[in-house]
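J.: Next up, work-v8.cif (mmCIF, C-alpha atoms (C1' of nucleotides)).
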```
data_query
loop_
_atom_site.label_atom_id
_atom_site.label_comp_id
_atom_site.auth_asym_id
_atom_site.auth_seq_id
_atom_site.Cartn_x
_atom_site.Cartn_y
_atom_site.Cartn_z
CA MET A 1 19.61 -132.77 -77.07
CA LYS A 2 23.00 -131.10 -77.05
CA PRO A 3 26.31 -132.93 -77.14
CA ALA A 4 27.59 -132.99 -73.59
CA VAL A 5 30.99 -134.59 -74.23
CA ARG A 6 32.54 -135.19 -77.62
CA ALA A 7 34.44 -138.21 -78.84
CA ASN A 8 37.70 -136.34 -79.28
CA ASN A 9 37.66 -134.93 -75.78
CA ARG A 10 41.17 -135.20 -74.38
CA ASN A 11 40.33 -134.56 -70.75
CA ASN A 12 41.44 -138.10 -69.98
CA ALA A 13 44.82 -137.61 -71.66
CA LEU A 14 45.17 -134.40 -69.72
CA LEU A 15 44.50 -136.12 -66.41
CA GLU A 16 46.97 -138.85 -67.30
CA SER A 17 49.61 -136.29 -68.20
CA ALA A 18 49.05 -134.39 -64.98
CA ALA A 19 49.22 -137.56 -62.91
CA GLU A 20 52.48 -138.53 -64.54
CA LEU A 21 54.19 -135.22 -63.82
CA LEU A 22 52.62 -134.68 -60.41
CA SER A 23 53.69 -138.10 -59.20
CA SER A 24 57.26 -137.74 -60.38
CA ARG A 25 57.97 -134.10 -59.56
CA GLY A 26 55.45 -132.94 -57.00
CA TYR A 27 52.95 -130.11 -57.20
CA GLN A 28 54.94 -126.90 -57.46
CA ALA A 29 57.53 -128.38 -59.81
CA SER A 30 54.85 -129.57 -62.22
CA THR A 31 54.05 -126.56 -64.37
CA ILE A 32 50.92 -126.05 -66.39
CA ARG A 33 53.07 -125.71 -69.48
CA GLU A 34 54.79 -129.03 -68.98
CA ILE A 35 51.54 -130.82 -68.21
CA ALA A 36 50.09 -129.38 -71.41
CA LYS A 37 53.10 -130.27 -73.56
CA ASN A 38 53.11 -133.78 -72.08
CA CYS A 39 49.72 -134.48 -73.65
CA GLY A 40 50.10 -132.38 -76.78
CA MET A 41 48.02 -129.47 -75.59
CA LEU A 42 48.78 -125.80 -75.17
CA PRO A 43 48.86 -124.24 -71.69
CA GLY A 44 45.70 -122.24 -72.12
CA SER A 45 43.70 -125.26 -73.21
CA ILE A 46 43.88 -126.75 -69.75
CA TYR A 47 41.65 -123.96 -68.49
CA TYR A 48 38.81 -125.16 -70.64
CA HIS A 49 38.74 -128.36 -68.57
CA TYR A 50 39.64 -126.99 -65.13
CA PRO A 51 39.32 -123.50 -63.67
CA ASN A 52 42.83 -123.53 -62.20
CA LYS A 53 45.82 -125.66 -61.25
CA ASP A 54 44.40 -126.56 -57.84
CA ALA A 55 41.27 -128.00 -59.40
CA LEU A 56 43.37 -130.12 -61.73
CA LEU A 57 45.23 -131.53 -58.74
CA VAL A 58 41.96 -132.35 -56.99
CA ALA A 59 40.73 -134.13 -60.12
CA VAL A 60 43.87 -136.26 -60.28
CA TYR A 61 43.59 -136.96 -56.57
CA GLU A 62 39.98 -138.00 -57.02
CA GLU A 63 40.78 -140.35 -59.86
CA GLY A 64 43.69 -141.75 -57.88
CA VAL A 65 41.51 -142.57 -54.89
CA ARG A 66 38.91 -144.12 -57.18
CA ARG A 67 41.48 -146.38 -58.86
CA LEU A 68 43.15 -147.33 -55.61
CA ALA A 69 39.89 -148.22 -53.92
CA ASP A 70 38.64 -150.09 -56.97
CA ARG A 71 41.71 -152.26 -57.39
CA VAL A 72 42.01 -153.01 -53.70
CA GLU A 73 38.38 -154.01 -53.38
CA THR A 74 38.58 -156.14 -56.50
CA ALA A 75 41.66 -157.85 -55.14
CA LEU A 76 39.78 -158.70 -51.95
CA GLU A 77 36.89 -160.45 -53.66
CA GLY A 78 36.39 -163.97 -52.38
CA LEU A 79 38.89 -163.64 -49.55
CA GLU A 80 37.43 -164.35 -46.12
CA ASP A 81 40.34 -164.58 -43.70
CA PRO A 82 40.96 -161.09 -42.25
CA TRP A 83 44.73 -161.62 -42.18
CA GLN A 84 44.80 -162.61 -45.81
CA ARG A 85 42.55 -159.71 -46.70
CA LEU A 86 44.85 -157.12 -45.13
CA GLU A 87 47.90 -158.72 -46.72
CA ARG A 88 46.31 -158.70 -50.15
CA ALA A 89 45.22 -155.11 -49.71
CA LEU A 90 48.73 -154.04 -48.73
CA ALA A 91 50.27 -155.87 -51.67
CA THR A 92 47.86 -154.16 -54.06
CA HIS A 93 48.46 -150.81 -52.43
CA VAL A 94 52.23 -151.11 -52.69
CA ALA A 95 52.04 -152.39 -56.26
CA MET A 96 50.07 -149.33 -57.33
CA ILE A 97 52.22 -146.70 -55.67
CA ILE A 98 55.51 -147.97 -57.09
CA GLU A 99 54.27 -147.68 -60.65
CA PRO A 100 56.06 -144.51 -61.72
CA THR A 101 53.20 -142.91 -63.63
CA ALA A 102 50.39 -144.02 -61.38
CA TYR A 103 47.59 -141.84 -60.10
CA ALA A 104 48.06 -143.56 -56.77
CA SER A 105 51.56 -142.14 -56.42
CA VAL A 106 50.14 -138.65 -56.49
CA ILE A 107 48.13 -139.30 -53.35
CA ILE A 108 51.19 -140.66 -51.60
CA ARG A 109 53.66 -138.07 -52.77
CA ILE A 110 51.70 -134.83 -52.68
CA LEU A 111 50.73 -133.78 -49.19
CA PRO A 112 47.39 -131.99 -48.81
CA ASP A 113 49.07 -128.77 -47.72
CA ALA A 114 50.84 -128.45 -51.06
CA ALA A 115 47.82 -126.54 -52.38
CA PRO A 116 46.44 -124.54 -49.44
CA GLU A 117 43.29 -123.56 -51.29
CA VAL A 118 42.10 -127.17 -51.58
CA THR A 119 43.78 -128.78 -48.58
CA SER A 120 40.54 -129.86 -46.99
CA ASP A 121 39.35 -131.50 -50.22
CA LEU A 122 42.57 -133.48 -50.48
CA ILE A 123 42.34 -134.59 -46.86
CA ARG A 124 38.77 -135.70 -47.39
CA LEU A 125 39.77 -137.76 -50.41
CA ARG A 126 42.71 -139.30 -48.61
CA ASP A 127 40.55 -140.23 -45.64
CA ARG A 128 38.02 -141.85 -47.93
CA TYR A 129 40.64 -144.33 -49.06
CA GLU A 130 42.22 -144.88 -45.67
CA ALA A 131 38.82 -145.87 -44.34
CA ILE A 132 39.21 -149.10 -46.29
CA LEU A 133 42.44 -149.94 -44.50
CA ARG A 134 40.86 -149.00 -41.19
CA ALA A 135 38.04 -151.47 -41.75
CA LEU A 136 40.49 -154.21 -42.66
CA ILE A 137 42.44 -153.68 -39.46
CA GLU A 138 39.29 -153.51 -37.38
CA ALA A 139 38.34 -156.92 -38.74
CA LEU A 140 41.49 -158.50 -37.33
CA PRO A 141 41.11 -160.52 -34.10
CA LEU A 142 43.47 -158.23 -32.19
CA PRO A 143 43.73 -157.98 -28.42
CA PRO A 144 41.33 -155.32 -27.10
CA ALA A 145 44.18 -153.23 -25.73
CA THR A 146 45.61 -152.68 -29.21
CA ASP A 147 45.92 -149.08 -30.36
CA GLN A 148 44.41 -149.63 -33.78
CA ARG A 149 44.85 -146.07 -34.91
CA LEU A 150 48.56 -146.09 -34.19
CA LEU A 151 48.94 -149.49 -35.80
CA ARG A 152 47.17 -148.27 -38.91
CA LEU A 153 49.20 -145.08 -39.18
CA LEU A 154 52.51 -146.82 -38.70
CA LEU A 155 51.52 -149.40 -41.29
CA ILE A 156 50.49 -146.75 -43.81
CA GLY A 157 53.73 -144.91 -43.16
CA ALA A 158 55.83 -147.99 -43.80
CA ALA A 159 53.89 -148.82 -46.95
CA ASN A 160 53.82 -145.32 -48.38
CA HIS A 161 57.55 -144.95 -47.91
CA VAL A 162 58.26 -147.82 -50.29
CA PRO A 163 58.42 -145.66 -53.45
CA VAL A 164 61.25 -143.67 -51.87
CA TRP A 165 63.63 -146.60 -51.63
CA HIS A 166 62.24 -149.16 -54.04
CA ARG A 167 64.28 -149.78 -57.19
CA ALA A 168 62.56 -151.27 -60.19
CA GLY A 169 64.02 -154.62 -61.15
CA GLY A 170 65.82 -156.70 -58.54
CA ASP A 171 64.11 -155.25 -55.49
CA ALA A 172 61.48 -156.87 -53.29
CA SER A 173 58.09 -157.49 -54.88
CA PRO A 174 54.87 -155.94 -53.54
CA GLU A 175 53.84 -159.40 -52.33
CA GLN A 176 57.09 -159.84 -50.42
CA ILE A 177 56.78 -156.40 -48.88
CA ALA A 178 53.20 -157.06 -47.87
CA ARG A 179 54.23 -160.34 -46.25
CA GLU A 180 56.93 -158.61 -44.20
CA LEU A 181 54.46 -155.94 -43.16
CA MET A 182 52.05 -158.62 -42.03
CA ARG A 183 54.79 -160.27 -39.99
CA MET A 184 55.08 -157.01 -38.11
CA VAL A 185 51.35 -156.83 -37.54
CA ARG A 186 51.08 -160.43 -36.40
CA GLY A 187 54.04 -160.06 -34.09
CA TYR A 188 52.54 -156.88 -32.77
CA ALA A 189 49.29 -158.72 -32.07
CA GLN A 190 51.01 -161.54 -30.22
CA LEU A 191 52.97 -159.25 -27.93
CA ALA A 192 50.03 -157.01 -27.19
CA LYS A 193 48.25 -159.83 -25.40
CA MET B 194 95.68 -112.00 -39.54
CA LYS B 195 92.42 -111.16 -41.22
CA PRO B 196 88.96 -111.43 -39.69
CA ALA B 197 87.50 -114.71 -40.89
CA VAL B 198 84.03 -114.53 -39.35
CA ARG B 199 82.54 -111.58 -37.53
CA ALA B 200 80.57 -111.61 -34.30
CA ASN B 201 77.40 -110.27 -35.87
CA ASN B 202 77.38 -112.84 -38.65
CA ARG B 203 73.77 -113.90 -39.22
CA ASN B 204 74.49 -117.03 -41.20
CA ASN B 205 73.07 -119.02 -38.33
CA ALA B 206 69.84 -117.03 -38.26
CA LEU B 207 69.62 -117.51 -42.01
CA LEU B 208 69.99 -121.28 -41.69
CA GLU B 209 67.38 -121.34 -38.95
CA SER B 210 64.99 -119.31 -41.07
CA ALA B 211 65.52 -121.56 -44.05
CA ALA B 212 65.03 -124.69 -41.96
CA GLU B 213 61.77 -123.33 -40.59
CA LEU B 214 60.29 -122.58 -43.98
CA LEU B 215 61.71 -125.60 -45.75
CA SER B 216 60.34 -127.98 -43.14
CA SER B 217 56.86 -126.49 -43.18
CA ARG B 218 56.39 -125.76 -46.88
CA GLY B 219 58.86 -127.84 -48.85
CA TYR B 220 61.56 -126.73 -51.24
CA GLN B 221 59.82 -125.08 -54.17
CA ALA B 222 57.25 -123.34 -52.01
CA SER B 223 59.95 -121.79 -49.83
CA THR B 224 61.08 -118.69 -51.71
CA ILE B 225 64.34 -116.86 -51.25
CA ARG B 226 62.36 -113.74 -50.44
CA GLU B 227 60.40 -115.38 -47.65
CA ILE B 228 63.47 -117.00 -46.18
CA ALA B 229 65.17 -113.62 -46.18
CA LYS B 230 62.22 -111.78 -44.66
CA ASN B 231 61.88 -114.49 -42.01
CA CYS B 232 65.29 -113.59 -40.59
CA GLY B 233 65.22 -109.87 -41.32
CA MET B 234 67.43 -109.96 -44.36
CA LEU B 235 66.96 -108.84 -47.94
CA PRO B 236 66.78 -111.44 -50.72
CA GLY B 237 70.11 -110.52 -52.26
CA SER B 238 71.94 -110.84 -48.97
CA ILE B 239 71.48 -114.59 -48.96
CA TYR B 240 73.84 -114.82 -51.92
CA TYR B 241 76.71 -113.58 -49.84
CA HIS B 242 76.42 -116.71 -47.71
CA TYR B 243 75.44 -119.26 -50.37
CA PRO B 244 75.95 -119.26 -54.14
CA ASN B 245 72.36 -120.34 -54.84
CA LYS B 246 69.19 -121.82 -53.38
CA ASP B 247 70.35 -125.40 -53.85
CA ALA B 248 73.46 -124.77 -51.76
CA LEU B 249 71.32 -123.31 -48.99
CA LEU B 250 69.22 -126.45 -48.96
CA VAL B 251 72.33 -128.63 -48.75
CA ALA B 252 73.59 -126.55 -45.84
CA VAL B 253 70.32 -127.00 -43.95
CA TYR B 254 70.35 -130.69 -44.75
CA GLU B 255 73.89 -130.95 -43.46
CA GLU B 256 73.07 -129.21 -40.22
CA GLY B 257 69.98 -131.37 -39.84
CA VAL B 258 71.93 -134.59 -40.19
CA ARG B 259 74.52 -133.30 -37.75
CA ARG B 260 71.90 -132.45 -35.11
CA LEU B 261 69.98 -135.67 -35.60
CA ALA B 262 73.09 -137.81 -35.32
CA ASP B 263 74.35 -135.85 -32.32
CA ARG B 264 71.17 -136.09 -30.30
CA VAL B 265 70.61 -139.74 -31.10
CA GLU B 266 74.14 -140.70 -30.15
CA THR B 267 73.95 -138.67 -26.96
CA ALA B 268 70.69 -140.38 -26.08
CA LEU B 269 72.32 -143.77 -26.48
CA GLU B 270 75.17 -143.12 -24.06
CA GLY B 271 75.35 -145.72 -21.33
CA LEU B 272 72.73 -147.99 -22.88
CA GLU B 273 73.95 -151.52 -23.53
CA ASP B 274 70.91 -153.62 -24.42
CA PRO B 275 70.48 -153.52 -28.22
CA TRP B 276 66.67 -153.50 -27.94
CA GLN B 277 66.72 -150.56 -25.58
CA ARG B 278 69.23 -148.77 -27.78
CA LEU B 279 67.04 -149.02 -30.87
CA GLU B 280 63.96 -147.95 -28.95
CA ARG B 281 65.73 -144.93 -27.51
CA ALA B 282 67.04 -143.99 -30.93
CA LEU B 283 63.59 -144.20 -32.47
CA ALA B 284 62.06 -142.12 -29.69
CA THR B 285 64.70 -139.43 -30.19
CA HIS B 286 64.27 -139.56 -33.94
CA VAL B 287 60.51 -139.15 -33.73
CA ALA B 288 60.80 -136.40 -31.13
CA MET B 289 63.03 -134.36 -33.41
CA ILE B 290 61.00 -134.68 -36.58
CA ILE B 291 57.71 -133.64 -35.01
CA GLU B 292 59.15 -130.34 -33.82
CA PRO B 293 57.66 -127.98 -36.38
CA THR B 294 60.71 -125.82 -36.94
CA ALA B 295 63.31 -128.54 -36.71
CA TYR B 296 66.19 -129.07 -39.07
CA ALA B 297 65.43 -132.75 -38.85
CA SER B 298 62.03 -132.26 -40.46
CA VAL B 299 63.71 -130.92 -43.56
CA ILE B 300 65.51 -134.21 -44.12
CA ILE B 301 62.26 -136.11 -43.70
CA ARG B 302 60.05 -133.84 -45.75
CA ILE B 303 62.25 -132.80 -48.65
CA LEU B 304 63.12 -135.66 -50.95
CA PRO B 305 66.56 -135.55 -52.58
CA ASP B 306 65.08 -135.16 -56.05
CA ALA B 307 63.49 -131.84 -55.10
CA ALA B 308 66.70 -130.11 -56.18
CA PRO B 309 68.07 -132.13 -59.12
CA GLU B 310 71.39 -130.30 -59.12
CA VAL B 311 72.30 -131.53 -55.65
CA THR B 312 70.36 -134.78 -55.43
CA SER B 313 73.46 -136.91 -54.93
CA ASP B 314 74.67 -134.68 -52.09
CA LEU B 315 71.32 -134.99 -50.33
CA ILE B 316 71.29 -138.75 -50.74
CA ARG B 317 74.79 -138.95 -49.34
CA LEU B 318 73.79 -136.93 -46.29
CA ARG B 319 70.65 -138.96 -45.74
CA ASP B 320 72.60 -142.20 -45.96
CA ARG B 321 75.11 -140.94 -43.46
CA TYR B 322 72.38 -140.69 -40.84
CA GLU B 323 70.61 -143.89 -41.76
CA ALA B 324 73.86 -145.75 -41.22
CA ILE B 325 73.32 -145.20 -37.51
CA LEU B 326 69.95 -146.93 -37.60
CA ARG B 327 71.43 -149.71 -39.70
CA ALA B 328 74.09 -150.38 -37.10
CA LEU B 329 71.48 -150.45 -34.33
CA ILE B 330 69.43 -153.03 -36.19
CA GLU B 331 72.46 -155.12 -37.02
CA ALA B 332 73.23 -155.27 -33.33
CA LEU B 333 69.91 -156.96 -32.59
CA PRO B 334 69.97 -160.74 -32.01
CA LEU B 335 67.71 -161.39 -34.99
CA PRO B 336 67.28 -164.73 -36.76
CA PRO B 337 69.80 -165.05 -39.60
CA ALA B 338 67.03 -165.25 -42.21
CA THR B 339 65.84 -161.74 -41.38
CA ASP B 340 65.85 -159.25 -44.23
CA GLN B 341 67.47 -156.46 -42.27
CA ARG B 342 67.37 -153.97 -45.11
CA LEU B 343 63.64 -154.38 -45.55
CA LEU B 344 63.07 -154.21 -41.81
CA ARG B 345 65.09 -151.01 -41.60
CA LEU B 346 63.32 -149.34 -44.52
CA LEU B 347 59.85 -150.23 -43.27
CA LEU B 348 60.78 -148.96 -39.82
CA ILE B 349 62.12 -145.68 -41.19
CA GLY B 350 59.01 -145.30 -43.28
CA ALA B 351 56.70 -145.77 -40.33
CA ALA B 352 58.73 -143.36 -38.21
CA ASN B 353 59.14 -140.67 -40.85
CA HIS B 354 55.43 -140.68 -41.55
CA VAL B 355 54.62 -139.59 -38.01
CA PRO B 356 54.79 -135.82 -38.72
CA VAL B 357 52.04 -136.26 -41.32
CA TRP B 358 49.43 -137.46 -38.85
CA HIS B 359 50.76 -136.37 -35.47
CA ARG B 360 48.85 -133.59 -33.74
CA ALA B 361 50.59 -131.56 -31.08
CA GLY B 362 48.93 -131.90 -27.72
CA GLY B 363 46.87 -134.96 -26.96
CA ASP B 364 48.52 -137.33 -29.42
CA ALA B 365 50.89 -140.18 -28.69
CA SER B 366 54.31 -139.23 -27.31
CA PRO B 367 57.57 -140.09 -29.11
CA GLU B 368 58.27 -142.64 -26.38
CA GLN B 369 54.91 -144.31 -26.90
CA ILE B 370 55.40 -144.38 -30.64
CA ALA B 371 58.87 -145.84 -30.27
CA ARG B 372 57.51 -148.54 -27.98
CA GLU B 373 54.85 -149.51 -30.51
CA LEU B 374 57.45 -149.60 -33.25
CA MET B 375 59.59 -151.89 -31.12
CA ARG B 376 56.64 -154.18 -30.58
CA MET B 377 56.51 -154.59 -34.32
CA VAL B 378 60.21 -155.32 -34.53
CA ARG B 379 60.13 -157.81 -31.67
CA GLY B 380 57.12 -159.55 -33.12
CA TYR B 381 58.81 -159.61 -36.46
CA ALA B 382 61.85 -161.24 -34.90
CA GLN B 383 59.83 -163.91 -33.14
CA LEU B 384 57.95 -164.94 -36.25
CA ALA B 385 61.02 -164.95 -38.46
CA LYS B 386 62.48 -167.86 -36.53
"C1'" DC C 387 92.67 -94.39 -35.29
"C1'" DC C 388 92.99 -96.16 -39.71
"C1'" DA C 389 92.55 -99.33 -43.56
"C1'" DT C 390 90.57 -103.51 -44.75
"C1'" DT C 391 86.74 -106.19 -45.78
"C1'" DA C 392 82.94 -109.10 -43.89
"C1'" DA C 393 78.24 -108.57 -44.30
"C1'" DA C 394 74.68 -106.56 -45.56
"C1'" DC C 395 71.48 -103.26 -48.48
"C1'" DA C 396 69.18 -101.34 -52.71
"C1'" DA C 397 67.45 -101.99 -57.01
"C1'" DA C 398 66.98 -104.06 -60.71
"C1'" DC C 399 67.53 -108.16 -64.36
"C1'" DG C 400 65.57 -111.82 -67.42
"C1'" DA C 401 63.05 -115.92 -67.06
"C1'" DT C 402 59.15 -118.39 -65.67
"C1'" DT C 403 54.87 -118.74 -63.36
"C1'" DG C 404 49.55 -119.29 -63.42
"C1'" DT C 405 46.06 -117.28 -65.88
"C1'" DT C 406 42.98 -114.85 -69.33
"C1'" DA C 407 40.73 -112.99 -73.47
"C1'" DG C 408 39.56 -113.58 -77.96
"C1'" DG C 409 39.86 -116.17 -82.19
"C1'" DT C 410 39.63 -120.88 -84.67
"C1'" DT C 411 38.23 -125.56 -85.75
"C1'" DA C 412 35.43 -129.41 -86.37
"C1'" DT C 413 31.95 -132.41 -84.18
"C1'" DG C 414 27.40 -134.03 -83.89
"C1'" DG C 415 22.28 -133.27 -83.27
"C1'" DA C 416 18.58 -131.20 -86.12
"C1'" DT D 417 23.35 -129.66 -95.09
"C1'" DC D 418 23.57 -126.43 -91.36
"C1'" DC D 419 24.89 -124.35 -87.23
"C1'" DA D 420 25.46 -124.25 -82.20
"C1'" DT D 421 29.19 -125.10 -79.43
"C1'" DA D 422 32.66 -128.41 -77.42
"C1'" DA D 423 37.39 -128.19 -77.63
"C1'" DC D 424 41.22 -126.23 -78.59
"C1'" DC D 425 44.68 -122.54 -80.23
"C1'" DT D 426 47.07 -118.00 -80.14
"C1'" DA D 427 49.02 -114.49 -77.80
"C1'" DA D 428 49.55 -112.05 -74.34
"C1'" DC D 429 49.05 -110.37 -69.15
"C1'" DA D 430 50.70 -109.28 -64.40
"C1'" DA D 431 53.01 -111.41 -60.75
"C1'" DT D 432 56.65 -113.79 -58.91
"C1'" DC D 433 60.78 -116.41 -59.23
"C1'" DG D 434 66.08 -116.93 -58.50
"C1'" DT D 435 69.80 -114.17 -59.23
"C1'" DT D 436 73.19 -110.22 -60.16
"C1'" DT D 437 75.35 -105.84 -59.82
"C1'" DG D 438 76.90 -101.86 -57.52
"C1'" DT D 439 76.84 -99.52 -53.14
"C1'" DT D 440 76.91 -98.90 -48.16
"C1'" DT D 441 77.77 -100.04 -43.32
"C1'" DA D 442 80.36 -101.35 -39.52
"C1'" DA D 443 83.40 -104.73 -37.23
"C1'" DT D 444 88.19 -105.87 -36.58
"C1'" DG D 445 93.36 -106.63 -36.81
"C1'" DG D 446 97.33 -103.70 -36.93
#
```
Give the structure from this file in C-alpha cells form.

T.:
Amino acid sequence: MKPAVRANNRNNALLESAAELLSSRGYQASTIREIAKNCGMLPGSIYYHYPNKDALLVAVYEEGVRRLADRVETALEGLEDPWQRLERALATHVAMIIEPTAYASVIIRILPDAAPEVTSDLIRLRDRYEAILRALIEALPLPPATDQRLLRLLLIGAANHVPVWHRAGGDASPEQIARELMRMVRGYAQLAK
Amino acid sequence: MKPAVRANNRNNALLESAAELLSSRGYQASTIREIAKNCGMLPGSIYYHYPNKDALLVAVYEEGVRRLADRVETALEGLEDPWQRLERALATHVAMIIEPTAYASVIIRILPDAAPEVTSDLIRLRDRYEAILRALIEALPLPPATDQRLLRLLLIGAANHVPVWHRAGGDASPEQIARELMRMVRGYAQLAK
DNA sequence: CCATTAAACAAACGATTGTTAGGTTATGGA
DNA sequence: TCCATAACCTAACAATCGTTTGTTTAATGG
C-alpha cells in the first residue's frame, strides 16, 4: 500500500486561507500569492494541490456548500413545524454568512460568472444548496396561488444581502433577522389568500 | 473666453462604455484596455478624462445614482398614497437594475470595498440614493414598533438580488416583482401590530 | 485665418498576475 | 533501515495590468 495522504498535508490550511481571502476580497482581488502567504506556503506550492486558480475556487465553493448544508440540516433536527423549520434554517444561514472568514460567505459573495471557465460548476453547487430552502418553502401551507419561486428568490436575496450592511457587535442577531424575514413570509401568505 | 468642453468630447461615450463593462463583469475584471476599446479609444486616452481607474468608477457610480434618483422621483410624480409610492419606486428600481448595460447595475453589483481608495465616496453615493427609499418607508403608516431600518435593508436586499436570477424574456416583470415585494411589506405591517 | 489647447494617439514603463519546471525535504510503508 | 514519493520550495516565465510620457490632431474663440 502507498501513502495516499500524509499527516502533514496542508491542503486544509490552504482551503481555509483561500476561503478567508475569497470571502473578504472577491475572486480577482484574491491573488495566488496572497492566498499562499496567508497559510505559510509559497505560490507555486498551491499547484501541487490544485491545477489552477479556478479549481481552487471550486474546491472552496464545494466545501462551503457542504458546511452550509450540514449545519442547516443539523439545526433542523427534531423540528416538525414547517414555519419553525424555515425560520431556523434562515437563522443558521444568516449566522454562517456573516462570519467574516466563513466558507459560506464565498458562495454568497462570489457570483458564478467571476470565473467563466467553471461557471456551470459553481451554479450547480449553488443550486444544490438552494434546493434545501426550496423544500422548506414547499412544505409551508401556503395558498395554492403563491409564486413559490419568486418568494424563495426574494427571501434568498434579502438574506444574502445581510453581510453587506451587518455590523458586528450591536447589530441585529441572526435569530432576530430570521424572525423578521418570517414575518414577511407569513404576511405574504395571509394576503395571498 | 476659452473653450471649456468641445462638441466632439467623448467623455460620455467613455462613461457609457465603463458602465457597460463594470456592470457585467465587476471592477477588477473590467480592464482599462477593454473599456477603452469598447468606446473606440486607446487605453492612455482615458487618463485625460480621469486621473485613474478608481476615479472612473466613482464617476460611473455618480452618474448611476443620478439616473436612478431621477427616474424614481419622476415615476413618483402625482402619486399620493404612500403604499403606491413605494411600490412604484420599487418597480422603477428593479426595472433599471435588470437592464444589462445600465449605470444602475454598477451600483448594485460593485460593492464599495472593491476599490479601497474610494470606498467612502462610493458609500456616500449609495447612501444618497437609499435615503429616497428610507423616506418612502417612513411615510408608510406602520406600527410604531416596526424596525424600519431592518425592513428597508431586507427590502433592498431582495430587490437588488433580482439581477442575479432574473432571465430576460419570460420572467416576472418589474411591476410583478414590486407587487410581490409590497405584499411582504404589507403582511409585515399587519403582523407587527 | 491664426493661435490656442482640448482631446486624443502612440508607445512604452515597471509592477503584478497566474503558472510552470526542476530541485529539495521528510514521511511512512516495506 | 531504506527508498518511493507526497509535499513543498526555488526561481523563473510570458502575459497582462494600470499608468506615464511625448506627440499629434482638430475644434474653437478672437

J.: What would the selection look like, as number ranges by chain, if the PyMOL selection byres ((chain B and resi 347-358) around 10) were run on the coordinates I just shared?

T.: A: 111-112, 150-162, 164-165, 177, 180-181, 184; B: 283-284, 286-293, 298, 300-302, 323, 326, 341-346, 359-361, 364, 367, 370-371, 374-375, 377-378

J.: Evaluate the PyMOL selection byres ((chain D and resi 426-440) around 10) on the structure here and hand back the selected residues as a PyMOL selection string.

T.: (chain A and resi 42+44) or (chain B and resi 224-226+236-237+240+244-246) or (chain C and resi 394-410) or (chain D and resi 425+441-442)

J.: Produce a table with one row for each residue of chain D that has an atom at most 8 Å from any atom of chain A, each row naming the nearest atom pair and its distance in Å at one decimal; use all atoms listed in the file; arrange rows by chain and rising residue number; format as a tab-separated table.

T.:
```
residue	atom	partner	partner_atom	distance
D:DA422	C1'	A:Arg6	CA	6.8
D:DA423	C1'	A:Asn9	CA	7.0
D:DC424	C1'	A:Ser45	CA	6.0
D:DC425	C1'	A:Leu42	CA	7.3
```

J.: Residues as selected, C-alpha atoms (C1' of nucleotides), written as a PDB file, keeping the file's coordinate frame, can you do that?

T.:
```
ATOM      1  C1'  DA D 422      32.660-128.410 -77.420  1.00  0.00           C
ATOM      2  C1'  DA D 423      37.390-128.190 -77.630  1.00  0.00           C
ATOM      3  C1'  DC D 424      41.220-126.230 -78.590  1.00  0.00           C
ATOM      4  C1'  DC D 425      44.680-122.540 -80.230  1.00  0.00           C
TER       5       DC D 425
END
```

J.: Let me make sure I understand: among A:Glu63, A:Asp54, A:Glu87, A:Asp70, which one has the smallest atom-to-atom distance to chain C if we use only C-alpha atoms (C1' of nucleotides)?

T.: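 Result for the nearest residue to chain C: A:Asp54.
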
J.: Give me the result of the PyMOL selection byres ((chain A and resi 113) around 10) on this file, residue by residue, as a compact mmCIF listing (two decimals) with C-alpha atoms, in the frame of the given file.

T.:
```
# COMPACT_ATOMS: atom_id res chain seq x y z
CA ILE A 110 51.70 -134.83 -52.68
CA LEU A 111 50.73 -133.78 -49.19
CA PRO A 112 47.39 -131.99 -48.81
CA ALA A 114 50.84 -128.45 -51.06
CA ALA A 115 47.82 -126.54 -52.38
CA PRO A 116 46.44 -124.54 -49.44
CA GLU A 117 43.29 -123.56 -51.29
CA VAL A 118 42.10 -127.17 -51.58
CA THR A 119 43.78 -128.78 -48.58
CA SER A 120 40.54 -129.86 -46.99
CA LEU A 122 42.57 -133.48 -50.48
CA ILE A 123 42.34 -134.59 -46.86
CA SER B 217 56.86 -126.49 -43.18
CA ARG B 218 56.39 -125.76 -46.88
CA GLY B 219 58.86 -127.84 -48.85
```

J.: Show which residues sit within 8 Å of Leu125 in chain A, as a PDB file with C-alpha atoms, in the coordinates of the input. Count all atoms listed in the file, and ignore same-chain residues fewer than 5 positions away.

T.:
```
ATOM      1  CA  TYR A  61      43.590-136.960 -56.570  1.00  0.00           C
ATOM      2  CA  GLU A  62      39.980-138.000 -57.020  1.00  0.00           C
ATOM      3  CA  VAL A  65      41.510-142.570 -54.890  1.00  0.00           C
TER       4      VAL A  65
END
```

J.: Complete the atoms of range 211-217 of chain B to N, CA and C atoms and put them out as a tab-separated table (two decimals), in the coordinates of the input.

T.:
```tsv
chain	number	residue	atom	x	y	z
B	211	ALA	N	65.72	-120.65	-42.91
B	211	ALA	CA	65.52	-121.56	-44.05
B	211	ALA	C	64.96	-122.90	-43.58
B	212	ALA	N	65.50	-123.41	-42.49
B	212	ALA	CA	65.03	-124.69	-41.96
B	212	ALA	C	63.55	-124.62	-41.61
B	213	GLU	N	63.17	-123.50	-41.01
B	213	GLU	CA	61.77	-123.33	-40.59
B	213	GLU	C	60.83	-123.38	-41.78
B	214	LEU	N	61.17	-122.63	-42.82
B	214	LEU	CA	60.29	-122.58	-43.98
B	214	LEU	C	60.35	-123.87	-44.80
B	215	LEU	N	61.55	-124.38	-44.97
B	215	LEU	CA	61.71	-125.60	-45.75
B	215	LEU	C	60.95	-126.76	-45.13
B	216	SER	N	60.99	-126.84	-43.81
B	216	SER	CA	60.34	-127.98	-43.14
B	216	SER	C	58.82	-127.87	-43.18
B	217	SER	N	58.32	-126.64	-43.25
B	217	SER	CA	56.86	-126.49	-43.18
B	217	SER	C	56.21	-126.34	-44.54
```
